[in-house]
Amino acid sequence: LFIYRSNHLNNNFTIDNNVNKEIIENLIESSNVFDSIVYIAMGGLAGSRSIDFNIASLRLIGQWKGKIFIITDSSNCFESLKQKYDLDIISLPHLNSIIEIKAIKTKLFDYLPNNVNGIMYIDVDVLIRQNLFHFYRDLLEYFNNHNINRNINNNNNQSTRL
């Protein structure tokens with residue numbers, strides 16, 4: 001949060017205009033690395049303004065065009081963001097402990113639609129400072145160089161989501 005505040009107040013955000021948007025979209029659509037980004041904003045975090053800036057940085061600076069899901073117990077906090085940044089809100093009942101909230105990360109796919117194949121989870125205190133293309137490209141290169149198969153079939157011949 002400190003890094004976010006110092007960068008925001010100093011207006012050090014930059015958009016990488018040297019990246020061809022068509023290349024980004026083709027890479028994301030064809031690679032199966034991840035097709036959605038997920039945030040968890042439960043309890044007091046749901047009402048925090050920091051998530052507004054996080055989503056804005058993801059769309060505007062990171063140039064993310066894919067799906068964004070917010071898992072929350074306070075869906076009413078995200079109505080304006082939902083419209084502005086094309087978000088999908090997944091409502092959960094209020095959880096009483098931090099351990100229960102952290103445990104959501106271990107079963108994210110249980111809450112997401114079946115057509116989501118891969119996700120990147122981002123903490124609500126992380127601010128995107130560059131176009132995601134570079135990160136995405138490097139991640140795909142790592143997977144390819146290490147022969148990591150992102151479409152593992154189970155015994156029922158159904159795709160397992162990693």
# chains A, B, ... in the order shown; residues from 1 in each chain; ligands from 1
call {"tool": "residues_around", "arguments": {"residues": "A:Ser75", "least_positions_apart": "5", "cutoff": "10 Å", "atoms": "only C-alpha atoms", "output": "list in words"}}
result
Ala41, Met42, Ala46, Gly47, Ile70, Lys82, Ile89, Ile90, Ser91 and Leu92 of chain A
call {"tool": "atom_distance", "arguments": {"atom1": "atom CA of A:Tyr142", "atom2": "atom CA of A:Ala56"}}
result
27.8 Å
call {"tool": "closest_residue", "arguments": {"among": "A:Leu112, A:Ala103, A:Leu127, A:Leu45", "to": "A:Ile68", "atoms": "only C-alpha atoms"}}
result
A:Leu112
call {"tool": "select_by_dssp", "arguments": {"residues": "stretch 27-111 of chain A", "states": "strand (DSSP E or B)", "output": "ChimeraX atom specification"}}
result
/A:36-41,67-72,88-91
call {"tool": "atom_distance", "arguments": {"atom1": "atom CA of A:Asn144", "atom2": "atom CA of A:Trp64"}}
result
22.1 Å
call {"tool": "closest_residue", "arguments": {"among": "A:Tyr121, A:Thr72, A:Leu108, A:Leu140", "to": "A:Leu95", "atoms": "only C-alpha atoms"}}
result
A:Thr72
call {"tool": "residues_around", "arguments": {"residues": "A:Phe34", "least_positions_apart": "2", "cutoff": "7 Å", "atoms": "only C-alpha atoms", "output": "list of chain:residue names"}}
result
A:Asn32, A:Ser36, A:Asn117, A:Gly118, A:Ile119, A:Met120
call {"tool": "closest_residue", "arguments": {"among": "A:Leu60, A:Ile55, A:Ile99, A:Leu139", "to": "A:Asp123", "atoms": "only C-alpha atoms"}}
result
A:Ile55
call {"tool": "select_by_dssp", "arguments": {"residues": "stretch 24-102 of chain A", "states": "alpha helix (DSSP H)", "output": "number ranges by chain"}}
result
A: 24-31, 50-56, 79-85, 98-102
call {"tool": "closest_residue", "arguments": {"among": "A:Arg59, A:His94, A:Arg49, A:Lys102", "to": "A:Cys77", "atoms": "only C-alpha atoms"}}
result
A:Arg49
call {"tool": "decode", "arguments": {"residues": "stretch 69-91 of chain A", "atoms": "N, CA and C atoms", "output": "mmCIF file, in the first residue's frame"}}
result
data_model
loop_
_atom_site.group_PDB
_atom_site.id
_atom_site.type_symbol
_atom_site.label_atom_id
_atom_site.label_comp_id
_atom_site.auth_asym_id
_atom_site.auth_seq_id
_atom_site.Cartn_x
_atom_site.Cartn_y
_atom_site.Cartn_z
ATOM 1 N N PHE A 69 -12.750 -10.839 -12.350
ATOM 2 C CA PHE A 69 -13.710 -11.275 -11.354
ATOM 3 C C PHE A 69 -13.313 -10.702 -10.001
ATOM 4 N N ILE A 70 -14.304 -10.233 -9.260
ATOM 5 C CA ILE A 70 -14.082 -9.820 -7.871
ATOM 6 C C ILE A 70 -14.959 -10.707 -7.004
ATOM 7 N N ILE A 71 -14.320 -11.427 -6.109
ATOM 8 C CA ILE A 71 -15.036 -12.251 -5.138
ATOM 9 C C ILE A 71 -15.166 -11.425 -3.872
ATOM 10 N N THR A 72 -16.409 -11.229 -3.427
ATOM 11 C CA THR A 72 -16.650 -10.303 -2.322
ATOM 12 C C THR A 72 -17.878 -10.691 -1.515
ATOM 13 N N ASP A 73 -17.934 -10.161 -0.311
ATOM 14 C CA ASP A 73 -19.134 -10.291 0.516
ATOM 15 C C ASP A 73 -19.908 -8.974 0.560
ATOM 16 N N SER A 74 -19.464 -8.010 -0.258
ATOM 17 C CA SER A 74 -20.102 -6.691 -0.297
ATOM 18 C C SER A 74 -20.250 -6.235 -1.744
ATOM 19 N N SER A 75 -21.063 -6.925 -2.499
ATOM 20 C CA SER A 75 -21.175 -6.634 -3.932
ATOM 21 C C SER A 75 -21.659 -5.216 -4.217
ATOM 22 N N ASN A 76 -22.423 -4.629 -3.310
ATOM 23 C CA ASN A 76 -22.902 -3.261 -3.526
ATOM 24 C C ASN A 76 -21.763 -2.241 -3.589
ATOM 25 N N CYS A 77 -20.603 -2.574 -3.055
ATOM 26 C CA CYS A 77 -19.452 -1.662 -3.103
ATOM 27 C C CYS A 77 -18.874 -1.537 -4.514
ATOM 28 N N PHE A 78 -19.251 -2.441 -5.412
ATOM 29 C CA PHE A 78 -18.610 -2.499 -6.720
ATOM 30 C C PHE A 78 -19.534 -2.169 -7.886
ATOM 31 N N GLU A 79 -20.711 -1.635 -7.608
ATOM 32 C CA GLU A 79 -21.667 -1.361 -8.686
ATOM 33 C C GLU A 79 -21.123 -0.378 -9.717
ATOM 34 N N SER A 80 -20.523 0.714 -9.274
ATOM 35 C CA SER A 80 -20.006 1.698 -10.240
ATOM 36 C C SER A 80 -18.788 1.151 -10.984
ATOM 37 N N LEU A 81 -17.922 0.419 -10.290
ATOM 38 C CA LEU A 81 -16.760 -0.188 -10.946
ATOM 39 C C LEU A 81 -17.189 -1.254 -11.948
ATOM 40 N N LYS A 82 -18.231 -1.985 -11.609
ATOM 41 C CA LYS A 82 -18.726 -3.047 -12.487
ATOM 42 C C LYS A 82 -19.079 -2.486 -13.855
ATOM 43 N N GLN A 83 -19.758 -1.380 -13.869
ATOM 44 C CA GLN A 83 -20.148 -0.755 -15.131
ATOM 45 C C GLN A 83 -18.945 -0.126 -15.840
ATOM 46 N N LYS A 84 -18.140 0.577 -15.087
ATOM 47 C CA LYS A 84 -17.036 1.334 -15.683
ATOM 48 C C LYS A 84 -15.956 0.432 -16.286
ATOM 49 N N TYR A 85 -15.650 -0.682 -15.613
ATOM 50 C CA TYR A 85 -14.533 -1.526 -16.038
ATOM 51 C C TYR A 85 -14.944 -2.941 -16.447
ATOM 52 N N ASP A 86 -16.230 -3.174 -16.649
ATOM 53 C CA ASP A 86 -16.724 -4.459 -17.123
ATOM 54 C C ASP A 86 -16.235 -5.599 -16.227
ATOM 55 N N LEU A 87 -16.674 -5.590 -14.984
ATOM 56 C CA LEU A 87 -16.285 -6.586 -13.993
ATOM 57 C C LEU A 87 -17.393 -7.605 -13.800
ATOM 58 N N ASP A 88 -17.014 -8.780 -13.367
ATOM 59 C CA ASP A 88 -17.973 -9.784 -12.918
ATOM 60 C C ASP A 88 -17.812 -9.907 -11.407
ATOM 61 N N ILE A 89 -18.905 -9.720 -10.704
ATOM 62 C CA ILE A 89 -18.883 -9.777 -9.243
ATOM 63 C C ILE A 89 -19.442 -11.124 -8.801
ATOM 64 N N ILE A 90 -18.711 -11.783 -7.931
ATOM 65 C CA ILE A 90 -19.156 -13.060 -7.359
ATOM 66 C C ILE A 90 -19.371 -12.831 -5.870
ATOM 67 N N SER A 91 -20.609 -12.966 -5.455
ATOM 68 C CA SER A 91 -20.968 -12.696 -4.057
ATOM 69 C C SER A 91 -20.865 -13.951 -3.211
#
